Amino acid sequence: YYRIPYIQRQYGTFLFAKLNNWLELIKYHAEVISFLLPAQKFIITDDGTYGDRVAKHFNISNEKILFLKNGIDKEKKSLCKEECRKYLIEKLNLPPNAFLTITVSRLVKWKRVDRAINAFNMIKEKDAFLLIIGDGEEREHYESLKNNSNIIFLGALSNLEVQKYMVACDLFLSLYDLSNLGNPLLEAMNAGLPIITLNNGNTKSVYKNKNLILLPCSSEEDIVKNVYNNILLLKENVVLRSKIAKNAKLYAKEEILSWEDRISMEVKEILYWSNIN
């Protein structure tokens with residue numbers, strides 16, 4: 001009514017796989033409507049859910065789309081791996097030689113933490129541990145799935161605590177049904193962790209020079225088996241683990257924006273439209 005410029009921000013989308021199913025689009029009508037509103041600009045997070053393709057499906061022109069991955073905190077003082085590991089080992093009373101795998105997410109169905117749990121349920125080595133950081137509606141269900149005492153639920157932690165845990169660990173898992181390119185995976189790269197994730201959504205866009213292990217999306221049984229096999233592979237092969245970790249950290253340094261630079265791009269867009277008004 002007042003002709004004020006309108007900028008819309010999408011953190012990600014559930015619509016990509018539903019675009020050809022009108023019943024599903026009706027179910028997600030609120031999100032569909034959000035792409036149909038007459039915005040001057042759509043700022044869309046590239047979290048692996050193809051938000052740019054969804055926007056184009058609804059005839060939003062390239063000029064109206066600002067499609068960006070999230071950033072990482074490059075300015076924060078580097079954490080010492082030895083100190084973080086000592087802190088974690090003592091806090092959780094783990095053996096000094098423990099092989100530590102970590103997942104970080106809200107505990108909701110589509111984050112599929114059950115895949116990591118089921119893979120670790122198969123691991124018999126007593127020095128291998130799965131640390132699950134996060135809380136949510138599925139926590140009780142996920143805890144009921146574990147039959148391996150080496151699976152540890154840590155609940156929700158502060159960002160700094162999560163960063164300490166990441167630096168201390170040996171492997172990061174991200175096995176979501178979609179949106180594997182969220183902050184946890186980018187932060188794991190920045191922490192120099194080897195990563196096992198799935199080739200779904202737009203995950204392949206950060207795959208460069210073997211900087212992570214990208215698994216095919218096959219049957220649930222095959223996914224869990226592949227995760228299990230690759231955990232053991234990286235546990236035993238220190239050289240491979242170090243190479244993937246080094247490439248992941250290099251990618252984060254060269255390809256992922258700092259949060260300051262990332263947010264400044266959005267601020268610049270907002271100021272542009274404010275000046276037009």
# chains A, B, ... in the order shown; residues from 1 in each chain; ligands from 1
$ residues_around --residues "Glu63 in chain A" --least-positions-apart "4" --cutoff "10 Å" --atoms "only C-alpha atoms" --output "list in words"
Gln40, Lys41 and Phe42 of chain A
$ select_by_dssp --residues "range 49-233 of chain A" --states "strand (DSSP E or B)" --output "JSON, numbers by chain"
{"A": [65, 66, 67, 68, 72, 99, 100, 101, 102, 103, 104, 128, 129, 130, 131, 132, 133, 151, 152, 153, 154, 155, 171, 172, 173, 174, 195, 196, 197, 198, 213, 214, 215]}
$ residues_around --residues "range 148-155 of chain A" --least-positions-apart "3" --cutoff "10 Å" --atoms "only C-alpha atoms" --output "NGL selection string"
:A and (92 or 94 or 100-107 or 116-118 or 120-136 or 139 or 142-143 or 145)
$ select_by_dssp --residues "range 38-216 of chain A" --states "helix (DSSP H, G or I)" --output "ChimeraX atom specification"
/A:51-57,62-64,81-92,109-111,113-121,139-145,159-168,183-190,203-206
$ closest_residue --among "A:Lys235, A:Ala30, A:Tyr176, A:Asn209" --to "Leu250 in chain A" --atoms "only C-alpha atoms"
A:Asn209
$ decode --residues "range 163-191 of chain A" --atoms "N, CA, C and O atoms" --output "mmCIF file, in the first residue's frame"
data_model
loop_
_atom_site.group_PDB
_atom_site.id
_atom_site.type_symbol
_atom_site.label_atom_id
_atom_site.label_comp_id
_atom_site.auth_asym_id
_atom_site.auth_seq_id
_atom_site.Cartn_x
_atom_site.Cartn_y
_atom_site.Cartn_z
ATOM 1 N N GLN A 163 32.286 -25.777 19.070
ATOM 2 C CA GLN A 163 33.541 -25.601 18.338
ATOM 3 C C GLN A 163 34.685 -26.344 19.013
ATOM 4 O O GLN A 163 35.524 -26.963 18.346
ATOM 5 N N LYS A 164 34.744 -26.309 20.333
ATOM 6 C CA LYS A 164 35.771 -27.054 21.062
ATOM 7 C C LYS A 164 35.647 -28.553 20.789
ATOM 8 O O LYS A 164 36.648 -29.243 20.557
ATOM 9 N N TYR A 165 34.413 -29.051 20.813
ATOM 10 C CA TYR A 165 34.192 -30.468 20.579
ATOM 11 C C TYR A 165 34.583 -30.851 19.152
ATOM 12 O O TYR A 165 35.189 -31.902 18.918
ATOM 13 N N MET A 166 34.232 -30.006 18.188
ATOM 14 C CA MET A 166 34.584 -30.296 16.799
ATOM 15 C C MET A 166 36.096 -30.401 16.621
ATOM 16 O O MET A 166 36.606 -31.339 16.005
ATOM 17 N N VAL A 167 36.811 -29.406 17.163
ATOM 18 C CA VAL A 167 38.269 -29.392 17.027
ATOM 19 C C VAL A 167 38.883 -30.631 17.683
ATOM 20 O O VAL A 167 39.878 -31.173 17.196
ATOM 21 N N ALA A 168 38.266 -31.105 18.761
ATOM 22 C CA ALA A 168 38.806 -32.249 19.502
ATOM 23 C C ALA A 168 38.544 -33.584 18.822
ATOM 24 O O ALA A 168 39.256 -34.570 19.086
ATOM 25 N N CYS A 169 37.546 -33.637 17.956
ATOM 26 C CA CYS A 169 37.121 -34.920 17.387
ATOM 27 C C CYS A 169 37.909 -35.307 16.136
ATOM 28 O O CYS A 169 38.719 -34.549 15.615
ATOM 29 N N ASP A 170 37.644 -36.528 15.659
ATOM 30 C CA ASP A 170 38.367 -37.089 14.525
ATOM 31 C C ASP A 170 37.535 -37.179 13.261
ATOM 32 O O ASP A 170 38.089 -37.342 12.163
ATOM 33 N N LEU A 171 36.207 -37.074 13.371
ATOM 34 C CA LEU A 171 35.338 -37.297 12.223
ATOM 35 C C LEU A 171 33.992 -36.627 12.458
ATOM 36 O O LEU A 171 33.484 -36.620 13.582
ATOM 37 N N PHE A 172 33.416 -36.082 11.391
ATOM 38 C CA PHE A 172 32.106 -35.438 11.456
ATOM 39 C C PHE A 172 31.145 -36.147 10.508
ATOM 40 O O PHE A 172 31.484 -36.442 9.358
ATOM 41 N N LEU A 173 29.920 -36.393 10.982
ATOM 42 C CA LEU A 173 28.878 -37.016 10.163
ATOM 43 C C LEU A 173 27.734 -36.040 9.933
ATOM 44 O O LEU A 173 27.279 -35.376 10.863
ATOM 45 N N SER A 174 27.260 -35.953 8.678
ATOM 46 C CA SER A 174 26.059 -35.179 8.346
ATOM 47 C C SER A 174 25.258 -36.004 7.358
ATOM 48 O O SER A 174 25.623 -36.129 6.193
ATOM 49 N N LEU A 175 24.166 -36.593 7.826
ATOM 50 C CA LEU A 175 23.438 -37.595 7.042
ATOM 51 C C LEU A 175 21.965 -37.226 6.874
ATOM 52 O O LEU A 175 21.096 -38.089 6.827
ATOM 53 N N TYR A 176 21.690 -35.916 6.773
ATOM 54 C CA TYR A 176 20.317 -35.444 6.662
ATOM 55 C C TYR A 176 19.659 -35.935 5.370
ATOM 56 O O TYR A 176 20.324 -36.241 4.390
ATOM 57 N N ASP A 177 18.324 -35.935 5.387
ATOM 58 C CA ASP A 177 17.582 -36.199 4.152
ATOM 59 C C ASP A 177 17.782 -35.076 3.149
ATOM 60 O O ASP A 177 17.717 -35.284 1.941
ATOM 61 N N LEU A 178 17.993 -33.856 3.650
ATOM 62 C CA LEU A 178 18.269 -32.698 2.810
ATOM 63 C C LEU A 178 18.954 -31.655 3.671
ATOM 64 O O LEU A 178 19.064 -31.812 4.883
ATOM 65 N N SER A 179 19.487 -30.603 3.051
ATOM 66 C CA SER A 179 20.087 -29.483 3.768
ATOM 67 C C SER A 179 21.372 -29.840 4.498
ATOM 68 O O SER A 179 21.643 -29.350 5.584
ATOM 69 N N ASN A 180 22.214 -30.706 3.898
ATOM 70 C CA ASN A 180 23.491 -31.047 4.530
ATOM 71 C C ASN A 180 24.512 -29.912 4.487
ATOM 72 O O ASN A 180 25.579 -30.031 5.080
ATOM 73 N N LEU A 181 24.208 -28.834 3.781
ATOM 74 C CA LEU A 181 25.141 -27.716 3.682
ATOM 75 C C LEU A 181 24.876 -26.633 4.721
ATOM 76 O O LEU A 181 25.201 -25.464 4.514
ATOM 77 N N GLY A 182 24.296 -27.011 5.830
ATOM 78 C CA GLY A 182 24.037 -26.043 6.885
ATOM 79 C C GLY A 182 25.309 -25.671 7.635
ATOM 80 O O GLY A 182 26.410 -26.133 7.330
ATOM 81 N N ASN A 183 25.161 -24.854 8.666
ATOM 82 C CA ASN A 183 26.307 -24.372 9.439
ATOM 83 C C ASN A 183 27.192 -25.479 10.005
ATOM 84 O O ASN A 183 28.422 -25.353 9.979
ATOM 85 N N PRO A 184 26.631 -26.577 10.553
ATOM 86 C CA PRO A 184 27.509 -27.592 11.142
ATOM 87 C C PRO A 184 28.548 -28.133 10.175
ATOM 88 O O PRO A 184 29.725 -28.278 10.539
ATOM 89 N N LEU A 185 28.159 -28.433 8.932
ATOM 90 C CA LEU A 185 29.128 -28.973 7.979
ATOM 91 C C LEU A 185 30.189 -27.943 7.624
ATOM 92 O O LEU A 185 31.387 -28.259 7.544
ATOM 93 N N LEU A 186 29.789 -26.687 7.425
ATOM 94 C CA LEU A 186 30.755 -25.644 7.101
ATOM 95 C C LEU A 186 31.716 -25.418 8.267
ATOM 96 O O LEU A 186 32.925 -25.222 8.077
ATOM 97 N N GLU A 187 31.200 -25.450 9.490
ATOM 98 C CA GLU A 187 32.038 -25.265 10.664
ATOM 99 C C GLU A 187 32.967 -26.457 10.870
ATOM 100 O O GLU A 187 34.103 -26.293 11.339
ATOM 101 N N ALA A 188 32.500 -27.661 10.512
ATOM 102 C CA ALA A 188 33.360 -28.849 10.597
ATOM 103 C C ALA A 188 34.527 -28.731 9.628
ATOM 104 O O ALA A 188 35.660 -29.095 9.946
ATOM 105 N N MET A 189 34.256 -28.207 8.433
ATOM 106 C CA MET A 189 35.338 -27.958 7.476
ATOM 107 C C MET A 189 36.343 -26.970 8.058
ATOM 108 O O MET A 189 37.558 -27.176 7.987
ATOM 109 N N ASN A 190 35.840 -25.890 8.637
ATOM 110 C CA ASN A 190 36.703 -24.863 9.209
ATOM 111 C C ASN A 190 37.534 -25.412 10.367
ATOM 112 O O ASN A 190 38.655 -24.962 10.612
ATOM 113 N N ALA A 191 36.981 -26.400 11.073
ATOM 114 C CA ALA A 191 37.703 -27.027 12.187
ATOM 115 C C ALA A 191 38.716 -28.050 11.703
ATOM 116 O O ALA A 191 39.479 -28.602 12.505
#
